[in-house]
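The structure file final-v6.cif is reproduced below (mmCIF, C-alpha atoms).
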```cif
data_model
loop_
_atom_site.group_PDB
_atom_site.id
_atom_site.type_symbol
_atom_site.label_atom_id
_atom_site.label_comp_id
_atom_site.auth_asym_id
_atom_site.auth_seq_id
_atom_site.Cartn_x
_atom_site.Cartn_y
_atom_site.Cartn_z
ATOM 1 C CA MET A 1 0.000 0.000 0.000
ATOM 2 C CA THR A 2 1.267 3.453 -0.874
ATOM 3 C CA SER A 3 2.183 5.474 2.195
ATOM 4 C CA ARG A 4 -0.496 8.047 3.014
ATOM 5 C CA VAL A 5 1.697 10.446 4.937
ATOM 6 C CA ALA A 6 2.025 14.200 4.521
ATOM 7 C CA GLU A 7 4.376 16.764 5.987
ATOM 8 C CA ILE A 8 3.481 20.459 5.869
ATOM 9 C CA GLN A 9 5.495 23.499 6.908
ATOM 10 C CA ARG A 10 4.039 27.004 6.956
ATOM 11 C CA THR A 11 5.826 30.156 8.086
ATOM 12 C CA THR A 12 4.346 33.642 8.059
ATOM 13 C CA ALA A 13 5.016 36.866 9.930
ATOM 14 C CA GLU A 14 2.420 35.659 12.457
ATOM 15 C CA THR A 15 3.008 31.920 12.867
ATOM 16 C CA SER A 16 5.293 28.984 12.250
ATOM 17 C CA VAL A 17 3.694 25.543 11.906
ATOM 18 C CA GLU A 18 5.214 22.117 11.267
ATOM 19 C CA LEU A 19 2.744 19.258 10.890
ATOM 20 C CA ARG A 20 2.992 15.582 9.989
ATOM 21 C CA LEU A 21 -0.058 13.366 9.390
ATOM 22 C CA ASP A 22 -0.260 9.619 8.768
ATOM 23 C CA LEU A 23 -3.772 8.552 7.777
ATOM 24 C CA ASP A 24 -2.925 4.915 8.502
ATOM 25 C CA GLY A 25 -1.495 5.402 11.949
ATOM 26 C CA SER A 26 -2.486 4.105 15.374
ATOM 27 C CA GLY A 27 -3.684 7.283 17.065
ATOM 28 C CA GLU A 28 -0.340 8.512 18.350
ATOM 29 C CA SER A 29 0.151 12.259 18.652
ATOM 30 C CA ARG A 30 2.569 14.916 19.799
ATOM 31 C CA ILE A 31 0.889 18.310 19.803
ATOM 32 C CA SER A 32 2.236 21.700 20.850
ATOM 33 C CA THR A 33 0.398 24.844 19.758
ATOM 34 C CA GLY A 34 0.618 27.009 22.863
ATOM 35 C CA LEU A 35 -3.161 26.689 23.191
ATOM 36 C CA GLY A 36 -4.204 24.056 25.697
ATOM 37 C CA ALA A 37 -7.720 23.634 24.322
ATOM 38 C CA LEU A 38 -6.507 23.207 20.737
ATOM 39 C CA ASP A 39 -3.865 20.699 21.853
ATOM 40 C CA HIS A 40 -6.540 18.728 23.709
ATOM 41 C CA PHE A 41 -8.923 18.555 20.762
ATOM 42 C CA LEU A 42 -6.194 17.643 18.254
ATOM 43 C CA ILE A 43 -5.065 14.801 20.530
ATOM 44 C CA LEU A 44 -8.675 13.574 20.540
ATOM 45 C CA PHE A 45 -8.830 13.906 16.742
ATOM 46 C CA ALA A 46 -5.713 11.747 16.335
ATOM 47 C CA ARG A 47 -6.812 9.106 18.825
ATOM 48 C CA HIS A 48 -10.388 8.697 17.580
ATOM 49 C CA GLY A 49 -9.411 8.782 13.913
ATOM 50 C CA GLN A 50 -6.452 6.430 14.420
ATOM 51 C CA PHE A 51 -4.251 9.037 12.746
ATOM 52 C CA ASP A 52 -0.663 9.694 13.763
ATOM 53 C CA LEU A 53 -0.334 13.454 14.125
ATOM 54 C CA LEU A 54 2.578 15.703 15.013
ATOM 55 C CA VAL A 55 2.003 19.446 15.347
ATOM 56 C CA ASP A 56 4.540 22.041 16.438
ATOM 57 C CA ALA A 57 3.081 25.536 16.173
ATOM 58 C CA HIS A 58 4.325 28.913 17.393
ATOM 59 C CA GLY A 59 2.213 31.999 16.906
ATOM 60 C CA ASP A 60 1.460 35.510 18.052
ATOM 61 C CA LEU A 61 -0.585 34.442 21.064
ATOM 62 C CA GLU A 62 0.115 37.802 22.643
ATOM 63 C CA VAL A 63 -2.375 39.140 20.063
ATOM 64 C CA ASP A 64 -4.986 36.371 20.311
ATOM 65 C CA PRO A 65 -5.435 32.684 19.333
ATOM 66 C CA HIS A 66 -6.804 33.424 15.857
ATOM 67 C CA HIS A 67 -3.681 33.189 13.679
ATOM 68 C CA THR A 68 -2.349 30.052 15.375
ATOM 69 C CA THR A 69 -5.683 28.239 15.242
ATOM 70 C CA GLU A 70 -6.299 29.239 11.618
ATOM 71 C CA ASP A 71 -2.816 28.274 10.423
ATOM 72 C CA VAL A 72 -2.963 24.880 12.149
ATOM 73 C CA ALA A 73 -6.275 24.320 10.330
ATOM 74 C CA ILE A 74 -4.670 25.338 7.019
ATOM 75 C CA CYS A 75 -1.800 22.899 7.558
ATOM 76 C CA LEU A 76 -4.018 20.028 8.709
ATOM 77 C CA GLY A 77 -6.312 20.532 5.717
ATOM 78 C CA GLN A 78 -3.354 20.597 3.326
ATOM 79 C CA ALA A 79 -1.952 17.462 4.957
ATOM 80 C CA ILE A 80 -5.235 15.596 4.526
ATOM 81 C CA ARG A 81 -5.371 16.629 0.878
ATOM 82 C CA GLN A 82 -1.743 15.654 0.260
ATOM 83 C CA ALA A 83 -2.004 12.312 2.063
ATOM 84 C CA LEU A 84 -5.123 11.347 0.072
ATOM 85 C CA GLY A 85 -3.406 11.994 -3.256
ATOM 86 C CA GLU A 86 -5.726 10.957 -6.100
ATOM 87 C CA ARG A 87 -8.139 9.473 -3.522
ATOM 88 C CA ARG A 88 -8.135 6.124 -5.298
ATOM 89 C CA GLY A 89 -9.862 3.266 -3.506
ATOM 90 C CA ILE A 90 -11.247 5.282 -0.596
ATOM 91 C CA ARG A 91 -14.809 4.901 0.611
ATOM 92 C CA ARG A 92 -15.061 8.678 0.186
ATOM 93 C CA MET A 93 -18.198 9.412 2.286
ATOM 94 C CA ALA A 94 -19.118 8.754 5.903
ATOM 95 C CA ASP A 95 -21.102 10.218 8.752
ATOM 96 C CA VAL A 96 -20.881 9.721 12.499
ATOM 97 C CA ALA A 97 -22.861 10.931 15.507
ATOM 98 C CA VAL A 98 -20.993 11.217 18.808
ATOM 99 C CA PRO A 99 -22.367 12.062 22.265
ATOM 100 C CA MET A 100 -20.359 13.809 24.953
ATOM 101 C CA ASP A 101 -22.387 13.807 28.141
ATOM 102 C CA GLU A 102 -25.361 16.118 27.431
ATOM 103 C CA ALA A 103 -24.084 17.170 23.985
ATOM 104 C CA LEU A 104 -24.572 15.394 20.662
ATOM 105 C CA ALA A 105 -22.812 16.169 17.374
ATOM 106 C CA HIS A 106 -23.363 14.713 13.901
ATOM 107 C CA VAL A 107 -20.638 15.086 11.271
ATOM 108 C CA ALA A 108 -20.795 14.066 7.600
ATOM 109 C CA VAL A 109 -17.745 14.008 5.322
ATOM 110 C CA ASP A 110 -17.373 13.626 1.559
ATOM 111 C CA CYS A 111 -13.766 13.518 0.311
ATOM 112 C CA SER A 112 -15.008 14.801 -3.025
ATOM 113 C CA GLY A 113 -12.149 17.046 -4.083
ATOM 114 C CA ARG A 114 -14.402 20.053 -3.539
ATOM 115 C CA GLY A 115 -14.142 22.178 -0.420
ATOM 116 C CA TYR A 116 -17.442 23.065 1.202
ATOM 117 C CA PHE A 117 -18.475 23.651 4.803
ATOM 118 C CA VAL A 118 -21.791 23.897 6.635
ATOM 119 C CA GLN A 119 -22.459 24.078 10.365
ATOM 120 C CA ARG A 120 -26.010 24.013 11.589
ATOM 121 C CA VAL A 121 -26.704 25.290 15.103
ATOM 122 C CA PRO A 122 -23.791 27.278 16.568
ATOM 123 C CA PHE A 123 -21.853 26.211 19.637
ATOM 124 C CA CYS A 124 -23.264 27.460 22.919
ATOM 125 C CA GLY A 125 -21.236 29.582 25.303
ATOM 126 C CA MET A 126 -18.519 32.099 24.530
ATOM 127 C CA SER A 127 -15.205 30.239 24.650
ATOM 128 C CA VAL A 128 -13.345 27.042 25.490
ATOM 129 C CA GLY A 129 -10.093 27.844 27.224
ATOM 130 C CA GLN A 130 -8.499 30.779 25.397
ATOM 131 C CA ILE A 131 -10.432 30.109 22.180
ATOM 132 C CA GLU A 132 -13.737 31.756 21.285
ATOM 133 C CA VAL A 133 -16.228 29.159 20.074
ATOM 134 C CA ASP A 134 -16.666 30.838 16.682
ATOM 135 C CA LEU A 135 -12.984 30.236 16.052
ATOM 136 C CA PHE A 136 -13.658 26.486 16.157
ATOM 137 C CA ARG A 137 -16.252 26.982 13.409
ATOM 138 C CA HIS A 138 -13.621 28.881 11.443
ATOM 139 C CA PHE A 139 -11.098 26.090 12.106
ATOM 140 C CA PHE A 140 -13.326 23.492 10.479
ATOM 141 C CA GLU A 141 -14.324 25.779 7.616
ATOM 142 C CA THR A 142 -10.659 26.494 6.833
ATOM 143 C CA LEU A 143 -9.735 22.822 7.098
ATOM 144 C CA ALA A 144 -12.544 21.771 4.731
ATOM 145 C CA VAL A 145 -11.489 24.272 2.071
ATOM 146 C CA GLU A 146 -7.808 23.319 2.294
ATOM 147 C CA ALA A 147 -8.491 19.561 2.355
ATOM 148 C CA ARG A 148 -11.033 19.883 -0.472
ATOM 149 C CA ILE A 149 -13.672 17.940 1.387
ATOM 150 C CA ASN A 150 -17.349 18.542 2.013
ATOM 151 C CA LEU A 151 -17.773 18.863 5.777
ATOM 152 C CA HIS A 152 -21.191 19.222 7.395
ATOM 153 C CA ILE A 153 -21.478 19.630 11.154
ATOM 154 C CA VAL A 154 -24.685 19.648 13.171
ATOM 155 C CA THR A 155 -24.374 20.425 16.869
ATOM 156 C CA LEU A 156 -27.707 18.847 17.704
ATOM 157 C CA TYR A 157 -27.783 19.994 21.306
ATOM 158 C CA GLY A 158 -25.702 20.590 24.402
ATOM 159 C CA LEU A 159 -25.361 22.884 27.387
ATOM 160 C CA ASN A 160 -21.571 23.016 27.636
ATOM 161 C CA ALA A 161 -19.380 24.418 24.859
ATOM 162 C CA HIS A 162 -16.423 22.166 25.732
ATOM 163 C CA HIS A 163 -18.632 19.094 25.426
ATOM 164 C CA GLN A 164 -20.049 20.291 22.105
ATOM 165 C CA VAL A 165 -16.638 21.012 20.585
ATOM 166 C CA GLU A 166 -15.219 17.729 21.877
ATOM 167 C CA ALA A 167 -18.125 15.791 20.369
ATOM 168 C CA VAL A 168 -17.517 17.500 17.013
ATOM 169 C CA PHE A 169 -13.775 16.734 16.959
ATOM 170 C CA LYS A 170 -14.436 13.087 17.843
ATOM 171 C CA ALA A 171 -17.214 12.762 15.269
ATOM 172 C CA PHE A 172 -15.103 14.437 12.596
ATOM 173 C CA ALA A 173 -12.174 12.133 13.348
ATOM 174 C CA ARG A 174 -14.278 8.996 13.107
ATOM 175 C CA ALA A 175 -16.103 10.163 9.982
ATOM 176 C CA LEU A 176 -12.832 11.111 8.270
ATOM 177 C CA ASP A 177 -11.289 7.779 9.242
ATOM 178 C CA ALA A 178 -14.252 5.901 7.754
ATOM 179 C CA ALA A 179 -14.320 8.033 4.594
ATOM 180 C CA THR A 180 -10.587 7.645 3.942
ATOM 181 C CA THR A 181 -10.517 3.896 4.590
ATOM 182 C CA LEU A 182 -9.448 1.906 1.554
ATOM 183 C CA ASP A 183 -12.210 -0.340 0.206
ATOM 184 C CA PRO A 184 -10.741 -3.445 -1.463
ATOM 185 C CA ARG A 185 -13.854 -3.780 -3.637
ATOM 186 C CA LEU A 186 -12.858 -0.600 -5.462
ATOM 187 C CA GLY A 187 -9.572 -2.113 -6.558
ATOM 188 C CA GLY A 188 -7.832 1.251 -6.547
ATOM 189 C CA ARG A 189 -10.479 2.933 -8.664
ATOM 190 C CA ILE A 190 -11.534 6.520 -8.043
ATOM 191 C CA PRO A 191 -14.861 6.522 -6.145
ATOM 192 C CA SER A 192 -16.770 8.688 -8.623
ATOM 193 C CA THR A 193 -18.864 8.091 -11.735
ATOM 194 C CA LYS A 194 -16.750 10.841 -13.296
ATOM 195 C CA ASP A 195 -13.670 8.605 -12.805
ATOM 196 C CA HIS A 196 -11.957 11.757 -11.627
ATOM 197 C CA ILE A 197 -11.719 13.655 -8.362
ATOM 198 C CA GLU A 198 -10.200 17.119 -8.441
ATOM 199 C CA THR A 199 -7.076 17.107 -6.296
#
```
Show me this structure written as structure tokens.
Amino acid sequence: MTSRVAEIQRTTAETSVELRLDLDGSGESRISTGLGALDHFLILFARHGQFDLLVDAHGDLEVDPHHTTEDVAICLGQAIRQALGERRGIRRMADVAVPMDEALAHVAVDCSGRGYFVQRVPFCGMSVGQIEVDLFRHFFETLAVEARINLHIVTLYGLNAHHQVEAVFKAFARALDAATTLDPRLGGRIPSTKDHIET
């Protein structure tokens, strides 16, 4: 099997990010972004998706978490896109619902080669750790565009923003894992009637 590993480096005047993703890993991670909440949710993403993920990010946190969070999303999206390559043999679509105590999230993914994002029902509360909840919406929107996947998130309900965001990261991880799994019945074919996925 061809290795589905990607390494991304991004340096701007605001941030420096190094990221390595293995889609066929075992859930191991080493995450350092300077943002405890983001580290926590990326560790969950790696573990529940069975992805190996290394992230080393340094940003202008003295300003706010925006640039660091956004640039990690850019790099993770680019890594997903790069690791998938031509997307031959993948199942392509999947959806997963995940509860976290009183919260429930439903995430659907289509690794279509087209970036599109929808979130129905915003997160409750104002922030999780140092990160405003709307920045998590922006994280997933940015990731979807960079990865060229359709990503639909429904935060069905919940009273605690941490629980809602955690449920979304877990559901996204499991949906992405299922969608990127190689299906032997496809025999390496592209999973589209067009016989082509834009990469």
Q.
Could you check which residues have any atom within 9 Å of (-10.2, 21.8, 29.7), counting all atoms listed in the file with coordinates taken straight from the file, and then list them as a ChimeraX atom specification?
A. /A:36-37,40,128-129,162
(Q) Once the PyMOL selection byres ((chain A and resi 175) around 7) has been evaluated on this model, what residues remain selected, and can you format them as a list in words? (A) Ala94, Asp95, Val96, Val107, Ala108, Val109, Ala171, Phe172, Ala173, Arg174, Leu176, Asp177, Ala178 and Ala179 of chain A
Q | Shell around Ile8 of chain A at 12 Å using only C-alpha atoms, local window under 5 positions removed, as number ranges by chain | A | A: 16-22, 53-57, 71-83
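Minimum atom-to-atom distances from A:Ala97, A:Ile190, A:Val63, A:Ala144 to Thr15 of chain A were compared using only C-alpha atoms, and the lowest value belongs to A:Val63.
Protein and nucleic acid residues near (-14.1, 12.2, -0.3) are Arg87, Ile90, Arg91, Arg92, Met93, Ala94, Val109, Asp110, Cys111, Ser112, Gly113, Arg114, Arg148, Ile149, Asn150, Leu176, Ala179, Thr180, Pro191 and Ile197 of chain A, the criterion being any atom at most 9 Å away using all atoms listed in the file.
One distance worth recording is that between atom CA of Phe140 of chain A and atom CA of Gln119 of chain A, which is 9.2 Å.
For the choices A:Glu14, A:Ala147, A:His152, A:Gly85, the atom-to-atom distance to Asp64 of chain A is smallest for A:Glu14 when using all atoms listed in the file.
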Q | Residue nearest His48 of chain A - candidates A:Thr33, A:Leu186, A:Gly27, A:Thr11, atoms counted: only C-alpha atoms | A | A:Gly27
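Interatomic distance, atom CA of Asp24 of chain A to atom CA of Gln50 of chain A: 7.1 Å.
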Q. Given the choices A:Ile31, A:Val133, A:Leu38, A:Val118, which gets closest to Ile153 of chain A if the distance is worked out from all atoms listed in the file?
A. A:Val118
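For the set A:His163, A:Arg88, A:His66, A:His138, the residue with the smallest atom-to-atom gap to Arg185 of chain A is A:Arg88, counting all atoms listed in the file.
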Q. So which residues get picked by the PyMOL selection byres ((chain A and resi 126) around 12) here, written as a VMD selection string?
A. chain A and resid 122 to 125 127 to 136 159 to 162 165
Q) Near Glu141 of chain A, counting all atoms listed in the file, which residues have an atom at most 8 Å away, once you skip same-chain residues fewer than 5 positions from it, shown as a ChimeraX atom specification? A) /A:116-118,151
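Considering the residues A:Leu104, A:Leu84, A:Ile43, A:Leu35 and counting only C-alpha atoms, Val5 of chain A has its shortest atom-to-atom contact with A:Leu84.
A straight line drawn from atom CA of Val121 of chain A to atom CA of Ala167 of chain A is 13.8 Å long.
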Box centre and edge lengths (Å, one decimal), axis-aligned, segment 120-132 of chain A plus 5 Å each side, as lines of an AutoDock Vina configuration file:
```
center_x = -17.6
center_y = 28.1
center_z = 19.4
size_x = 28.2
size_y = 18.1
size_z = 25.6
```
